[in-house]
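Q: I'd like to ask some things about the structure below.
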Amino acid sequence: MFSLRNMIKVFKVEAPYLKYGLVADDLVLETPEVRETLRRLHPDILAARDRRMKLAFDCSMKKTFLPPDLWTKPEEDIGYLEPTLSEVENETEARRTFRL
């Protein structure tokens with residue numbers, strides 16, 4: 001299966017989101033499960049995400065990238081959503097199963 005995560009691993013060095021200071025999990029579309037996952041995150045992780053998103057939006061509006069020393073390095077691009085997101089998806093699936 002060709003997932004976004006695998007594609008990012010292949011093209012990580014050239015990925016423009018790194019030049020905005022973002023990590024791959026910042027790019028995930030906000031579904032109800034993702035919103036619940038974000039709600040459950042530690043406040044420090046959520047604050048760091050919000051800061052990265054605001055900074056990236058500002059750069060995007062100015063049509064610039066961050067200075068190279070502020071780019072996210074590929075080894076720093078560590079997912080923060082996955083363990084909690086899997087848990088939320090399992091809970092959602094269990095709720096759907098038991099409603100039948």
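Residue numbering restarts at 1 for every chain of the structure tokens, chains are lettered A, B, ... in their displayed order, and ligands are numbered from 1 as they appear.
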Can you list, as a list of chain:residue names, every protein, DNA or RNA residue that comes within 8 Å of A:Leu81 when you count only C-alpha atoms, leaving out same-chain residues fewer than 4 positions away?
A: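 My reading of the contact set: A:Asp25, A:Thr37, A:Leu38, A:Leu85.
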Q: Do you know which residues are at most 9 Å from A:Arg52 counting only C-alpha atoms, after dropping those on the same chain fewer than 6 positions away, and could you put them as a PyMOL selection string?
A: chain A and resi 20-23+26
Q: Could you please determine the separation between atom CA of A:Leu18 and atom CA of A:Asp77 in Å, to one decimal place?
A: 8.3 Å
Q: Check chain A with DSSP on the backbone and list each residue it calls helix (DSSP H, G or I), as a ChimeraX atom specification.
A: /A:4-14,16-19,24-27,32-40,43-62,68-70,74-76,82-99
Q: What is the distance, in Å and to one decimal place, between atom CA of A:Tyr80 and atom CA of A:Phe98?
A: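 Going from atom CA of A:Tyr80 over to atom CA of A:Phe98 covers 29.1 Å.
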Q: To one decimal place, how far is atom CA of A:Glu36 from atom CA of A:Thr92 in Å?
A: 10.4 Å
Q: With distances taken over only C-alpha atoms, which of A:Glu75, A:Asp50, A:Asp44, A:Glu33 is nearest to A:Glu89?
A: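 Looking at the shortest contact to A:Glu89, the residue is A:Glu33.
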Q: Which residue out of A:Arg35, A:Cys59, A:Arg99, A:Pro16 has the minimum interatomic distance to A:Pro74 when only C-alpha atoms are used?
A: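 Result for the nearest residue to A:Pro74: A:Pro16.
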Q: Need the shell around A:Asp69: protein/DNA/RNA residues with any atom at most 10 Å away, counting only C-alpha atoms. Skip same-chain ones fewer than 3 positions apart. Format as a list in words?
A: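 Once the adjacent positions are removed, what remains is Lys19, Gly21, Leu66, Thr72 and Lys73 of chain A.
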Q: For the residues in that selection, give me N, CA, C and O atoms as an mmCIF file, in the first residue's frame.
A:
```
data_model
loop_
_atom_site.group_PDB
_atom_site.id
_atom_site.type_symbol
_atom_site.label_atom_id
_atom_site.label_comp_id
_atom_site.auth_asym_id
_atom_site.auth_seq_id
_atom_site.Cartn_x
_atom_site.Cartn_y
_atom_site.Cartn_z
ATOM 1 N N LYS A 19 10.514 23.016 4.956
ATOM 2 C CA LYS A 19 11.024 24.389 4.827
ATOM 3 C C LYS A 19 10.120 25.398 5.534
ATOM 4 O O LYS A 19 10.512 26.533 5.764
ATOM 5 N N GLY A 21 8.898 24.529 8.515
ATOM 6 C CA GLY A 21 9.035 24.166 9.916
ATOM 7 C C GLY A 21 7.986 23.185 10.399
ATOM 8 O O GLY A 21 7.838 22.978 11.603
ATOM 9 N N LEU A 66 11.043 29.608 5.689
ATOM 10 C CA LEU A 66 11.820 29.980 6.867
ATOM 11 C C LEU A 66 13.300 29.993 6.501
ATOM 12 O O LEU A 66 13.714 29.355 5.534
ATOM 13 N N THR A 72 12.632 22.184 9.532
ATOM 14 C CA THR A 72 12.559 20.915 10.252
ATOM 15 C C THR A 72 13.510 19.938 9.585
ATOM 16 O O THR A 72 13.434 19.719 8.376
ATOM 17 N N LYS A 73 14.388 19.362 10.355
ATOM 18 C CA LYS A 73 15.315 18.368 9.821
ATOM 19 C C LYS A 73 14.564 17.043 9.682
ATOM 20 O O LYS A 73 13.701 16.731 10.495
#
```
Q: Rank A:Arg95, A:Arg51, A:Ile78, A:Val88 by their smallest atom-to-atom distance to A:Pro32, using only C-alpha atoms, and report the top residue only.
A: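 Going through A:Arg95, A:Arg51, A:Ile78, A:Val88 one by one, the smallest distance to A:Pro32 is for A:Val88.
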Q: Choose the residue, out of A:Asn90, A:Tyr17, A:Thr97, A:Gly79, that has the smallest atom-to-atom separation from A:Leu55; count only C-alpha atoms.
A: A:Tyr17
Q: Given the choices A:Lys54, A:Arg49, A:Arg96, A:Lys63, which gets closest to A:Ala24 if the distance is worked out from only C-alpha atoms?
A: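 Looking only at the distances to A:Ala24, the closest residue turns out to be A:Arg49.
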